>>> print(open('coords.cif').read())   # mmCIF, C-alpha atoms and all ligand atoms
data_upload
loop_
_atom_site.label_atom_id
_atom_site.label_comp_id
_atom_site.auth_asym_id
_atom_site.auth_seq_id
_atom_site.Cartn_x
_atom_site.Cartn_y
_atom_site.Cartn_z
CA MET H 6 -213.90 3.75 -78.30
CA GLY H 7 -212.11 2.48 -75.21
CA ARG H 8 -213.08 -1.08 -76.16
CA LEU H 9 -211.43 -0.94 -79.57
CA GLY H 10 -207.98 -2.53 -79.84
CA THR H 11 -205.29 -2.18 -82.49
CA GLU H 12 -202.51 -3.99 -84.34
CA THR H 13 -199.15 -3.56 -82.63
CA ALA H 14 -197.29 -4.43 -85.85
CA PHE H 15 -198.00 -0.96 -87.21
CA GLU H 16 -196.68 0.68 -84.01
CA VAL H 17 -193.47 -1.37 -83.98
CA LEU H 18 -192.95 -0.57 -87.66
CA ALA H 19 -193.22 3.16 -86.85
CA ARG H 20 -190.68 2.80 -84.00
CA ALA H 21 -188.30 0.87 -86.25
CA ARG H 22 -188.61 3.56 -88.94
CA ALA H 23 -187.80 6.23 -86.33
CA LEU H 24 -184.61 4.33 -85.41
CA GLU H 25 -183.71 4.08 -89.10
CA ALA H 26 -184.20 7.82 -89.46
CA GLN H 27 -181.47 8.19 -86.79
CA GLY H 28 -179.13 6.11 -88.97
CA ARG H 29 -179.63 2.72 -87.27
CA HIS H 30 -179.95 -0.47 -89.31
CA VAL H 31 -183.04 -2.57 -88.57
CA VAL H 32 -184.02 -6.04 -89.88
CA HIS H 33 -187.78 -6.00 -90.32
CA LEU H 34 -189.48 -9.17 -89.13
CA GLU H 35 -192.53 -7.49 -87.62
CA ILE H 36 -195.02 -6.84 -90.39
CA GLY H 37 -197.28 -9.51 -91.89
CA GLU H 38 -197.02 -8.88 -95.60
CA PRO H 39 -195.25 -10.68 -98.43
CA ASP H 40 -192.08 -8.84 -99.50
CA PHE H 41 -192.82 -9.78 -103.13
CA ASP H 42 -194.38 -7.53 -105.73
CA THR H 43 -197.84 -8.24 -107.13
CA PRO H 44 -197.48 -10.50 -110.23
CA PRO H 45 -197.15 -8.31 -113.38
CA ASN H 46 -200.17 -9.85 -115.16
CA VAL H 47 -202.34 -8.70 -112.23
CA VAL H 48 -200.89 -5.17 -112.33
CA ARG H 49 -201.52 -5.05 -116.10
CA ALA H 50 -205.14 -6.10 -115.66
CA ALA H 51 -205.70 -3.13 -113.30
CA GLN H 52 -203.99 -0.74 -115.72
CA GLU H 53 -206.13 -1.98 -118.58
CA ALA H 54 -209.29 -1.64 -116.49
CA LEU H 55 -208.38 1.95 -115.65
CA GLY H 56 -207.67 2.60 -119.35
CA ARG H 57 -211.16 1.28 -120.19
CA GLY H 58 -212.71 3.70 -117.74
CA GLU H 59 -213.51 1.24 -114.93
CA THR H 60 -213.51 4.16 -112.52
CA HIS H 61 -217.13 4.26 -111.34
CA TYR H 62 -219.23 3.03 -108.43
CA GLY H 63 -220.21 -0.61 -108.70
CA PRO H 64 -222.55 -3.01 -106.88
CA SER H 65 -221.94 -3.23 -103.11
CA ALA H 66 -221.57 -7.02 -103.17
CA GLY H 67 -218.89 -6.79 -105.85
CA LEU H 68 -218.65 -7.11 -109.64
CA MET H 69 -220.29 -10.27 -110.94
CA PRO H 70 -217.23 -11.49 -112.94
CA LEU H 71 -215.15 -11.43 -109.74
CA ARG H 72 -217.87 -13.01 -107.59
CA GLU H 73 -218.13 -15.79 -110.18
CA ALA H 74 -214.34 -16.25 -110.33
CA ILE H 75 -214.19 -16.45 -106.51
CA ALA H 76 -217.07 -18.96 -106.41
CA GLU H 77 -215.34 -21.15 -109.00
CA ASP H 78 -211.92 -20.89 -107.33
CA SER H 79 -213.33 -21.74 -103.92
CA SER H 80 -215.51 -24.61 -105.21
CA ARG H 81 -212.46 -26.16 -106.89
CA ARG H 82 -209.99 -25.62 -104.05
CA ARG H 83 -212.28 -26.50 -101.16
CA GLY H 84 -214.44 -29.15 -102.77
CA VAL H 85 -217.67 -27.48 -101.60
CA PRO H 86 -219.90 -25.91 -104.27
CA VAL H 87 -220.16 -22.13 -103.89
CA LYS H 88 -222.39 -19.85 -105.98
CA ALA H 89 -221.67 -16.23 -106.89
CA ASP H 90 -224.59 -14.94 -104.78
CA GLN H 91 -222.81 -16.32 -101.69
CA VAL H 92 -219.78 -14.08 -102.30
CA VAL H 93 -219.34 -10.49 -101.08
CA VAL H 94 -216.21 -8.59 -102.14
CA TYR H 95 -214.65 -6.02 -99.80
CA PRO H 96 -211.70 -3.62 -99.72
CA GLY H 97 -209.51 -6.18 -97.91
CA ALA H 98 -210.53 -9.24 -95.92
CA LYS H 99 -210.72 -7.36 -92.61
CA PRO H 100 -214.18 -5.89 -93.32
CA VAL H 101 -215.56 -9.47 -93.40
CA MET H 102 -214.89 -9.85 -89.68
CA PHE H 103 -215.82 -6.25 -88.92
CA PHE H 104 -219.23 -6.52 -90.60
CA MET H 105 -219.95 -10.09 -89.48
CA PHE H 106 -219.42 -9.17 -85.83
CA LEU H 107 -221.49 -6.00 -86.16
CA ALA H 108 -224.26 -7.98 -87.86
CA LEU H 109 -224.45 -10.88 -85.41
CA LEU H 110 -223.19 -9.83 -81.98
CA GLU H 111 -225.38 -8.19 -79.36
CA GLU H 112 -224.62 -6.87 -75.91
CA GLY H 113 -224.22 -9.91 -73.64
CA ASP H 114 -223.39 -12.38 -76.43
CA GLU H 115 -220.14 -14.33 -76.32
CA ALA H 116 -217.68 -15.10 -79.10
CA ILE H 117 -214.85 -17.62 -78.78
CA TYR H 118 -211.64 -16.71 -80.58
CA PRO H 119 -208.09 -18.17 -80.76
CA ASN H 120 -205.57 -16.64 -78.34
CA PRO H 121 -202.80 -16.02 -79.32
CA GLY H 122 -204.58 -14.87 -82.46
CA PHE H 123 -205.08 -12.05 -84.94
CA PRO H 124 -205.74 -9.10 -82.58
CA ILE H 125 -208.66 -7.70 -84.53
CA TYR H 126 -210.97 -10.58 -83.49
CA GLU H 127 -210.81 -9.64 -79.81
CA SER H 128 -210.95 -5.93 -80.60
CA MET H 129 -214.04 -6.22 -82.79
CA ILE H 130 -215.87 -8.66 -80.50
CA ASN H 131 -215.43 -6.19 -77.64
CA TYR H 132 -216.35 -3.25 -79.83
CA ALA H 133 -219.60 -4.94 -80.85
CA GLY H 134 -220.45 -5.14 -77.13
CA ALA H 135 -220.03 -8.91 -76.78
CA ARG H 136 -217.74 -10.84 -74.43
CA ALA H 137 -214.53 -12.09 -76.07
CA VAL H 138 -213.81 -15.61 -74.77
CA PRO H 139 -210.21 -16.69 -75.47
CA LEU H 140 -209.49 -20.22 -76.66
CA PRO H 141 -205.86 -20.80 -75.61
CA LEU H 142 -203.50 -22.28 -78.23
CA ARG H 143 -200.44 -24.05 -76.81
CA PRO H 144 -197.16 -25.33 -78.24
CA GLU H 145 -197.75 -28.75 -76.60
CA ASN H 146 -200.68 -29.13 -79.02
CA GLN H 147 -198.76 -27.63 -81.99
CA PHE H 148 -200.87 -24.48 -81.37
CA ARG H 149 -204.02 -26.27 -82.59
CA ALA H 150 -207.34 -25.64 -80.88
CA ASP H 151 -208.16 -28.27 -78.25
CA VAL H 152 -211.68 -29.36 -79.18
CA ALA H 153 -212.58 -30.52 -75.64
CA GLU H 154 -211.48 -27.16 -74.23
CA LEU H 155 -213.43 -25.33 -76.94
CA SER H 156 -216.49 -27.36 -76.05
CA SER H 157 -216.11 -26.45 -72.36
CA LEU H 158 -216.14 -22.72 -73.24
CA ILE H 159 -219.51 -22.86 -75.01
CA THR H 160 -222.46 -21.38 -73.09
CA PRO H 161 -226.06 -20.58 -74.12
CA ARG H 162 -224.77 -17.07 -75.01
CA THR H 163 -222.08 -18.28 -77.44
CA ARG H 164 -222.93 -16.77 -80.81
CA ILE H 165 -219.72 -17.09 -82.86
CA ILE H 166 -216.62 -19.31 -82.90
CA VAL H 167 -213.62 -17.93 -84.78
CA LEU H 168 -211.27 -20.38 -86.51
CA ASN H 169 -208.07 -19.41 -88.31
CA SER H 170 -206.16 -22.04 -90.28
CA PRO H 171 -203.33 -21.64 -91.22
CA GLN H 172 -203.01 -19.43 -88.19
CA ASN H 173 -201.51 -16.03 -87.50
CA PRO H 174 -199.28 -15.83 -85.40
CA THR H 175 -198.32 -19.50 -84.95
CA GLY H 176 -198.56 -21.00 -88.46
CA SER H 177 -200.59 -23.91 -87.03
CA MET H 178 -203.27 -25.74 -89.01
CA LEU H 179 -206.43 -27.47 -87.90
CA THR H 180 -206.73 -31.11 -89.00
CA SER H 181 -209.76 -32.57 -90.78
CA ALA H 182 -210.63 -34.33 -87.52
CA ASP H 183 -210.52 -31.00 -85.62
CA LEU H 184 -212.70 -29.34 -88.26
CA THR H 185 -215.20 -32.20 -88.28
CA ALA H 186 -215.57 -32.06 -84.50
CA ILE H 187 -215.81 -28.26 -84.33
CA GLY H 188 -218.18 -28.09 -87.31
CA ARG H 189 -220.53 -30.60 -85.66
CA LEU H 190 -220.32 -28.94 -82.27
CA ALA H 191 -221.25 -25.54 -83.70
CA ALA H 192 -224.02 -26.98 -85.90
CA GLU H 193 -225.62 -28.79 -82.94
CA ARG H 194 -225.63 -25.61 -80.86
CA GLY H 195 -226.67 -23.20 -83.62
CA ILE H 196 -223.40 -21.26 -83.34
CA TRP H 197 -221.97 -19.29 -86.26
CA ILE H 198 -218.40 -19.88 -87.40
CA LEU H 199 -216.02 -17.34 -88.86
CA ALA H 200 -213.48 -19.43 -90.80
CA ASP H 201 -210.53 -17.12 -91.47
CA GLU H 202 -208.69 -18.83 -94.33
CA ILE H 203 -206.65 -15.87 -95.57
CA TYR H 204 -203.50 -18.08 -95.56
CA SER H 205 -205.15 -21.08 -97.28
CA ARG H 206 -202.70 -21.01 -100.22
CA ILE H 207 -199.54 -20.58 -98.13
CA LEU H 208 -198.87 -24.18 -97.12
CA TYR H 209 -195.72 -26.28 -96.69
CA GLY H 210 -196.77 -29.77 -97.67
CA ALA H 211 -199.92 -29.96 -95.54
CA THR H 212 -203.32 -30.12 -97.23
CA HIS H 213 -205.70 -27.33 -96.35
CA ASP H 214 -209.15 -28.33 -95.21
CA THR H 215 -212.16 -26.20 -94.36
CA VAL H 216 -214.95 -26.34 -91.79
CA LEU H 217 -217.34 -25.54 -94.66
CA ARG H 218 -217.17 -29.26 -95.52
CA TYR H 219 -218.27 -30.40 -92.08
CA GLY H 220 -220.32 -27.66 -90.40
CA ASP H 221 -223.73 -26.11 -91.07
CA PRO H 222 -223.27 -23.99 -94.22
CA ALA H 223 -226.22 -21.82 -93.11
CA ARG H 224 -224.07 -20.47 -90.28
CA ILE H 225 -220.55 -20.28 -91.69
CA VAL H 226 -218.78 -17.20 -93.01
CA LEU H 227 -215.52 -17.99 -94.76
CA LEU H 228 -212.96 -15.19 -95.07
CA ASP H 229 -210.26 -15.16 -97.73
CA GLY H 230 -208.62 -12.63 -100.00
CA PHE H 231 -205.81 -11.51 -102.26
CA SER H 232 -203.48 -9.72 -99.79
CA LYS H 233 -201.29 -12.67 -98.85
CA THR H 234 -201.70 -15.13 -101.75
CA TYR H 235 -201.00 -12.62 -104.53
CA ALA H 236 -198.88 -10.13 -102.55
CA MET H 237 -201.64 -7.50 -102.83
CA THR H 238 -201.82 -6.10 -99.29
CA GLY H 239 -201.95 -2.47 -100.41
CA TRP H 240 -204.59 -3.03 -103.07
CA ARG H 241 -207.24 -3.82 -100.43
CA LEU H 242 -209.13 -6.75 -101.91
CA GLY H 243 -210.77 -9.56 -99.94
CA TYR H 244 -214.03 -11.46 -99.74
CA GLY H 245 -216.45 -13.42 -97.64
CA ILE H 246 -218.31 -16.60 -98.65
CA MET H 247 -221.55 -17.07 -96.73
CA PRO H 248 -225.20 -18.12 -97.00
CA ALA H 249 -226.84 -16.11 -99.82
CA GLU H 250 -229.49 -14.64 -97.43
CA PHE H 251 -226.76 -13.39 -95.09
CA ALA H 252 -224.76 -11.98 -98.03
CA VAL H 253 -227.60 -9.50 -98.62
CA HIS H 254 -227.06 -8.05 -95.12
CA MET H 255 -223.28 -8.15 -95.38
CA ALA H 256 -223.51 -6.22 -98.68
CA ARG H 257 -225.87 -3.69 -97.10
CA LEU H 258 -223.32 -3.00 -94.38
CA GLN H 259 -220.86 -2.28 -97.17
CA THR H 260 -223.37 0.11 -98.82
CA ASN H 261 -223.42 1.99 -95.52
CA ALA H 262 -219.66 1.98 -94.96
CA THR H 263 -217.74 2.13 -98.22
CA SER H 264 -220.38 1.71 -100.99
CA CYS H 265 -218.24 -0.79 -102.88
CA THR H 266 -214.72 -2.02 -103.62
CA ALA H 267 -212.75 -0.18 -106.36
CA ALA H 268 -213.73 -1.55 -109.78
CA PHE H 269 -210.24 -1.70 -111.36
CA THR H 270 -208.94 -3.56 -108.30
CA GLN H 271 -211.68 -6.14 -108.75
CA HIS H 272 -210.71 -6.65 -112.40
CA ALA H 273 -207.16 -7.27 -111.21
CA GLY H 274 -208.63 -9.86 -108.82
CA VAL H 275 -210.27 -11.72 -111.73
CA GLU H 276 -206.88 -11.93 -113.46
CA ALA H 277 -205.21 -13.08 -110.23
CA LEU H 278 -207.66 -16.00 -109.93
CA ARG H 279 -207.98 -16.93 -113.60
CA GLY H 280 -204.42 -16.17 -114.76
CA PRO H 281 -201.24 -18.22 -114.28
CA GLN H 282 -200.49 -19.30 -110.70
CA GLU H 283 -196.71 -19.83 -110.98
CA ALA H 284 -195.95 -16.61 -109.06
CA VAL H 285 -197.88 -17.99 -106.05
CA ASP H 286 -196.03 -21.32 -106.22
CA ARG H 287 -192.65 -19.55 -106.42
CA MET H 288 -193.47 -17.31 -103.46
CA VAL H 289 -194.59 -20.26 -101.32
CA ALA H 290 -191.45 -22.25 -102.23
CA GLU H 291 -189.33 -19.28 -101.13
CA PHE H 292 -191.30 -18.91 -97.86
CA ARG H 293 -190.67 -22.58 -97.18
CA ARG H 294 -186.91 -22.12 -97.58
CA ARG H 295 -187.03 -19.19 -95.16
CA ARG H 296 -189.16 -21.11 -92.69
CA ASP H 297 -186.56 -23.86 -92.53
CA VAL H 298 -183.77 -21.33 -91.93
CA ILE H 299 -185.58 -19.42 -89.19
CA VAL H 300 -186.96 -22.47 -87.36
CA SER H 301 -183.59 -24.21 -87.14
CA GLY H 302 -181.84 -20.92 -86.29
CA LEU H 303 -184.25 -20.17 -83.44
CA ASN H 304 -184.07 -23.70 -82.07
CA ALA H 305 -180.28 -23.38 -81.91
CA LEU H 306 -180.56 -20.40 -79.50
CA ASP H 307 -180.22 -20.92 -75.76
CA GLY H 308 -183.61 -20.75 -74.02
CA VAL H 309 -185.60 -20.57 -77.27
CA SER H 310 -187.73 -23.32 -78.78
CA CYS H 311 -189.83 -23.09 -81.90
CA VAL H 312 -192.61 -25.27 -83.31
CA GLU H 313 -192.39 -25.80 -87.08
CA PRO H 314 -195.27 -23.94 -88.75
CA GLN H 315 -197.37 -25.72 -91.39
CA GLY H 316 -198.55 -22.60 -93.21
CA ALA H 317 -198.63 -18.74 -93.32
CA PHE H 318 -195.28 -16.93 -92.90
CA TYR H 319 -194.85 -16.55 -89.15
CA VAL H 320 -192.98 -18.33 -86.38
CA PHE H 321 -193.94 -18.09 -82.73
CA PRO H 322 -190.94 -19.19 -80.65
CA ASP H 323 -191.23 -19.89 -76.94
CA ILE H 324 -188.69 -17.61 -75.23
CA ARG H 325 -189.49 -18.44 -71.60
CA GLY H 326 -186.11 -20.15 -71.21
CA THR H 327 -184.25 -16.88 -71.86
CA GLY H 328 -185.46 -15.34 -68.57
CA PHE H 329 -186.91 -12.32 -70.39
CA SER H 330 -190.55 -11.32 -70.63
CA SER H 331 -191.89 -11.12 -74.20
CA LYS H 332 -192.36 -7.37 -74.11
CA GLU H 333 -188.90 -6.67 -72.72
CA LEU H 334 -187.20 -9.01 -75.18
CA ALA H 335 -189.07 -7.60 -78.22
CA GLY H 336 -188.28 -4.03 -77.09
CA ARG H 337 -184.61 -4.71 -76.42
CA LEU H 338 -184.12 -6.69 -79.63
CA LEU H 339 -185.29 -3.65 -81.54
CA ASP H 340 -183.45 -1.00 -79.49
CA GLU H 341 -180.17 -2.86 -78.86
CA ALA H 342 -179.89 -5.39 -81.70
CA GLY H 343 -181.84 -3.75 -84.53
CA VAL H 344 -184.24 -6.68 -84.95
CA ALA H 345 -187.92 -5.74 -85.24
CA CYS H 346 -190.37 -8.43 -84.10
CA LEU H 347 -193.53 -8.52 -82.01
CA SER H 348 -194.15 -9.55 -78.44
CA GLY H 349 -196.44 -12.57 -78.27
CA THR H 350 -198.73 -10.47 -76.06
CA ALA H 351 -199.64 -8.41 -79.15
CA PHE H 352 -201.77 -11.49 -80.01
CA GLY H 353 -203.49 -11.80 -76.64
CA ARG H 354 -202.56 -12.76 -73.12
CA HIS H 355 -201.87 -16.41 -74.00
CA GLY H 356 -199.05 -15.14 -76.22
CA ASP H 357 -197.05 -14.23 -73.11
CA GLY H 358 -193.69 -16.01 -73.18
CA PHE H 359 -193.46 -15.95 -76.99
CA LEU H 360 -192.28 -13.69 -79.80
CA ARG H 361 -193.65 -13.45 -83.32
CA PHE H 362 -191.33 -13.18 -86.30
CA SER H 363 -192.65 -12.72 -89.81
CA TYR H 364 -190.29 -14.40 -92.26
CA ALA H 365 -191.47 -12.32 -95.20
CA ASN H 366 -187.87 -11.14 -95.63
CA SER H 367 -184.81 -12.48 -97.47
CA VAL H 368 -182.84 -15.49 -96.20
CA GLU H 369 -179.84 -13.16 -95.91
CA ASN H 370 -181.75 -10.77 -93.62
CA ILE H 371 -183.20 -13.66 -91.61
CA ARG H 372 -179.69 -15.02 -91.02
CA GLU H 373 -178.53 -11.54 -89.98
CA ALA H 374 -181.45 -11.25 -87.51
CA LEU H 375 -180.61 -14.68 -86.04
CA LYS H 376 -176.97 -13.64 -85.65
CA ARG H 377 -177.98 -10.45 -83.86
CA PHE H 378 -180.45 -12.32 -81.64
CA ALA H 379 -177.74 -14.85 -80.66
CA ALA H 380 -175.23 -12.07 -79.90
CA PHE H 381 -177.83 -10.21 -77.83
CA LEU H 382 -178.62 -13.31 -75.74
CA GLN H 383 -174.95 -14.04 -75.21
CA LYS H 384 -174.27 -10.49 -74.04
CA ALA H 385 -177.36 -10.42 -71.84
CA GLY H 386 -176.39 -13.78 -70.34
CA ALA H 387 -172.89 -12.52 -69.63
CA THR H 388 -174.31 -9.37 -68.00
CA ALA H 389 -176.66 -11.44 -65.85
CA ARG H 390 -173.79 -13.70 -64.72
CA THR H 391 -171.61 -10.69 -63.83
CA ALA H 392 -174.46 -9.10 -61.91
N1 LIG H 401 -206.93 -12.44 -91.10
C1 LIG H 401 -205.69 -12.71 -90.66
C2 LIG H 401 -205.46 -13.88 -89.79
C3 LIG H 401 -204.63 -11.86 -90.99
O1 LIG H 401 -203.39 -12.14 -90.54
C4 LIG H 401 -204.88 -10.73 -91.79
C5 LIG H 401 -203.80 -9.77 -92.14
O2 LIG H 401 -202.80 -9.66 -91.48
C6 LIG H 401 -206.18 -10.49 -92.23
C7 LIG H 401 -207.18 -11.37 -91.87
C8 LIG H 401 -206.55 -9.27 -93.02
O3 LIG H 401 -206.29 -9.35 -94.37
P1 LIG H 401 -206.48 -8.08 -95.33
O4 LIG H 401 -205.17 -7.37 -95.38
O5 LIG H 401 -206.86 -8.64 -96.66
O6 LIG H 401 -207.55 -7.21 -94.77
#
>>> encode(input="coords.cif", output="structure tokens", more="lines below")
Ligand code: PLP
Amino acid sequence: MGRLGTETAFEVLARARALEAQGRHVVHLEIGEPDFDTPPNVVRAAQEALGRGETHYGPSAGLMPLREAIAEDSSRRRGVPVKADQVVVYPGAKPVMFFMFLALLEEGDEAIYPNPGFPIYESMINYAGARAVPLPLRPENQFRADVAELSSLITPRTRIIVLNSPQNPTGSMLTSADLTAIGRLAAERGIWILADEIYSRILYGATHDTVLRYGDPARIVLLDGFSKTYAMTGWRLGYGIMPAEFAVHMARLQTNATSCTAAFTQHAGVEALRGPQEAVDRMVAEFRRRRDVIVSGLNALDGVSCVEPQGAFYVFPDIRGTGFSSKELAGRLLDEAGVACLSGTAFGRHGDGFLRFSYANSVENIREALKRFAAFLQKAGATARTA
């Protein structure tokens, strides 16, 4: 159990709530979930399914109508044909990484993962007994993976490479050239790829591309889901797309862990994919407006510089010029300024010197957070000068 990590976002949220209980006002920019409600047609589909009695166990790999809808959606969006027997549906997208790592990693294996990156990769690689090998992402490279560096980290024990595009926490995206090179590299060496594409619909002008087009499809597991795209975080609905033979094992892990995903939730998922998509477009347009406000606001602060994200709903500003460490600044912003965000170190050691803000909050609240951040820096600067 000592090897298992966690997600700091949930801890910071609890601390912020404790401050609120004491009467303090906090702007929440810590948690990674859309602040929109699930589209009403999707909610109705779940209600109707419940009314029809869709309240029983179902197949571990997921209900066929949803697996077919996912296969069609992915084939159309990604331009790579996917069949329903390649799809496994889970309660959330997280189980895809959990089960994939349990299935493939042995003691002594190595897995390369982006750092800063979603903290569960490192946690689960370690938990499975393998060695977690960080691939540093840097602002000089727009937080994209450096393919030459990735190549230099590969050893005969490398079993999995994790890719995440658009990326949490930086909002970076891999280019088609990156994906071609990485796909080839992994295929030549017989290395599996986990392609975490949970933010593939939250894009600001860039075109999303996938390693599934360039790598060896026999060794790629693609992760996606409904949490972010359809504002369905609490429903718990995600999926993996993988070779059909591997899907059998990934479904068996589900049989052992959770049996299956809730049936009425899966019917809601069919409606989400097959129904109107305007709600998604509206949400992304609003995220883009917020991104522009927060990026320019952060870049206007003394000692702070921020790369413009291409997707997802996070910014990862470099705060090294403020003279604070990430942890101290995140802690003091919450305690003294009422702004909840995360230290970059919550995403791995290469996140040191950065903060992560989620801009899944109103423009008004984002402006208020920026104002508080500026006032905090000014006061801290004045204190430092006096001292
Ligand atoms: N992958 C990344 C990069 C994420 O940021 C998240 C959620 O924060 C997930 C996967 C998990 O998604 P879900 O809530 O569907 O399990």
>>> atom_distance(input="coords.cif", atom1="CA of Arg194 in chain H", atom2="CA of Gly245 in chain H")
22.7 Å
>>> closest_atom_pairs(input="coords.cif", of="chain H", to="ligand LIG 401 (chain H)", cutoff="9 Å", atoms="all atoms listed in the file", output="tab-separated table")
residue	atom	partner	partner_atom	distance
H:Ile36	CA	H:LIG401	O2	8.3
H:Gly37	CA	H:LIG401	O2	5.5
H:Glu38	CA	H:LIG401	O2	7.1
H:Tyr95	CA	H:LIG401	O6	8.8
H:Pro96	CA	H:LIG401	O6	7.4
H:Gly97	CA	H:LIG401	O5	3.8
H:Ala98	CA	H:LIG401	O6	3.8
H:Lys99	CA	H:LIG401	O6	3.8
H:Pro100	CA	H:LIG401	O6	6.9
H:Val101	CA	H:LIG401	O6	8.4
H:Met102	CA	H:LIG401	C7	8.2
H:Gly122	CA	H:LIG401	C2	7.4
H:Phe123	CA	H:LIG401	C2	5.2
H:Pro124	CA	H:LIG401	C2	8.7
H:Ile125	CA	H:LIG401	N1	8.3
H:Tyr126	CA	H:LIG401	N1	8.8
H:Asn169	CA	H:LIG401	C2	6.3
H:Ser170	CA	H:LIG401	C2	8.2
H:Pro171	CA	H:LIG401	C2	8.2
H:Gln172	CA	H:LIG401	C2	6.3
H:Asn173	CA	H:LIG401	C2	5.0
H:Pro174	CA	H:LIG401	O1	7.5
H:Asp201	CA	H:LIG401	N1	5.9
H:Glu202	CA	H:LIG401	N1	7.4
H:Ile203	CA	H:LIG401	N1	5.6
H:Tyr204	CA	H:LIG401	C2	7.4
H:Leu228	CA	H:LIG401	C7	7.6
H:Asp229	CA	H:LIG401	O5	7.4
H:Gly230	CA	H:LIG401	O5	5.5
H:Phe231	CA	H:LIG401	O5	6.4
H:Ser232	CA	H:LIG401	O5	4.7
H:Lys233	CA	H:LIG401	O5	7.2
H:Met237	CA	H:LIG401	O5	8.2
H:Thr238	CA	H:LIG401	O4	5.3
H:Gly239	CA	H:LIG401	O4	7.7
H:Trp240	CA	H:LIG401	O5	8.8
H:Arg241	CA	H:LIG401	O5	6.1
H:Leu242	CA	H:LIG401	O5	6.0
H:Gly243	CA	H:LIG401	O5	5.2
H:Tyr244	CA	H:LIG401	O5	8.3
H:Ala317	CA	H:LIG401	O1	8.6
>>> atom_distance(input="coords.cif", atom1="CA of Ser367 in chain H", atom2="CA of Ala290 in chain H")
12.7 Å
>>> closest_residue(input="coords.cif", among="H:Ala108, H:Val298, H:Leu18, H:Cys265", to="His61 in chain H", atoms="all atoms listed in the file")
H:Cys265
>>> residues_around(input="coords.cif", residues="Pro139 in chain H", least_positions_apart="2", cutoff="8 Å", atoms="all atoms listed in the file", output="PyMOL selection string")
chain H and resi 117-120+137+141
>>> atom_distance(input="coords.cif", atom1="CA of Ile165 in chain H", atom2="CA of Leu109 in chain H")
8.2 Å
>>> residues_around(input="coords.cif", residues="Val368 in chain H", least_positions_apart="3", cutoff="7 Å", atoms="all atoms listed in the file", output="PyMOL selection string")
chain H and resi 295+371-372
>>> closest_residue(input="coords.cif", among="H:Val312, H:Leu9, H:Leu155, H:Ala116", to="Arg136 in chain H", atoms="all atoms listed in the file")
H:Ala116
>>> closest_residue(input="coords.cif", among="H:Glu77, H:Asp151, H:Asp297, H:Glu115", to="Val320 in chain H", atoms="only C-alpha atoms")
H:Asp297
>>> decode(input="coords.cif", residues="range 153-162 of chain H", atoms="N, CA, C and O atoms", output="PDB file, in the first residue's frame")
ATOM      1  N   ALA H 153      13.328  12.374 -28.920  1.00  0.00           N
ATOM      2  CA  ALA H 153      14.699  11.863 -28.751  1.00  0.00           C
ATOM      3  C   ALA H 153      14.926  11.469 -27.287  1.00  0.00           C
ATOM      4  O   ALA H 153      15.539  10.433 -26.987  1.00  0.00           O
ATOM      5  N   GLU H 154      14.413  12.286 -26.384  1.00  0.00           N
ATOM      6  CA  GLU H 154      14.557  11.982 -24.948  1.00  0.00           C
ATOM      7  C   GLU H 154      13.780  10.706 -24.601  1.00  0.00           C
ATOM      8  O   GLU H 154      14.281   9.841 -23.873  1.00  0.00           O
ATOM      9  N   LEU H 155      12.580  10.599 -25.151  1.00  0.00           N
ATOM     10  CA  LEU H 155      11.776   9.396 -24.920  1.00  0.00           C
ATOM     11  C   LEU H 155      12.550   8.159 -25.389  1.00  0.00           C
ATOM     12  O   LEU H 155      12.645   7.162 -24.674  1.00  0.00           O
ATOM     13  N   SER H 156      13.134   8.279 -26.566  1.00  0.00           N
ATOM     14  CA  SER H 156      13.875   7.159 -27.129  1.00  0.00           C
ATOM     15  C   SER H 156      15.032   6.755 -26.205  1.00  0.00           C
ATOM     16  O   SER H 156      15.307   5.564 -25.995  1.00  0.00           O
ATOM     17  N   SER H 157      15.688   7.767 -25.609  1.00  0.00           N
ATOM     18  CA  SER H 157      16.845   7.485 -24.746  1.00  0.00           C
ATOM     19  C   SER H 157      16.427   6.806 -23.435  1.00  0.00           C
ATOM     20  O   SER H 157      17.259   6.219 -22.749  1.00  0.00           O
ATOM     21  N   LEU H 158      15.151   6.878 -23.081  1.00  0.00           N
ATOM     22  CA  LEU H 158      14.684   6.267 -21.822  1.00  0.00           C
ATOM     23  C   LEU H 158      14.285   4.797 -22.001  1.00  0.00           C
ATOM     24  O   LEU H 158      14.052   4.089 -21.026  1.00  0.00           O
ATOM     25  N   ILE H 159      14.177   4.372 -23.256  1.00  0.00           N
ATOM     26  CA  ILE H 159      13.735   2.989 -23.515  1.00  0.00           C
ATOM     27  C   ILE H 159      14.863   2.005 -23.203  1.00  0.00           C
ATOM     28  O   ILE H 159      16.009   2.226 -23.577  1.00  0.00           O
ATOM     29  N   THR H 160      14.525   0.932 -22.496  1.00  0.00           N
ATOM     30  CA  THR H 160      15.483  -0.139 -22.192  1.00  0.00           C
ATOM     31  C   THR H 160      14.813  -1.469 -22.578  1.00  0.00           C
ATOM     32  O   THR H 160      13.616  -1.478 -22.902  1.00  0.00           O
ATOM     33  N   PRO H 161      15.548  -2.575 -22.502  1.00  0.00           N
ATOM     34  CA  PRO H 161      14.897  -3.867 -22.811  1.00  0.00           C
ATOM     35  C   PRO H 161      13.738  -4.180 -21.862  1.00  0.00           C
ATOM     36  O   PRO H 161      12.906  -5.037 -22.172  1.00  0.00           O
ATOM     37  N   ARG H 162      13.665  -3.500 -20.707  1.00  0.00           N
ATOM     38  CA  ARG H 162      12.569  -3.776 -19.759  1.00  0.00           C
ATOM     39  C   ARG H 162      11.355  -2.878 -19.975  1.00  0.00           C
ATOM     40  O   ARG H 162      10.355  -3.008 -19.276  1.00  0.00           O
TER      41      ARG H 162
END
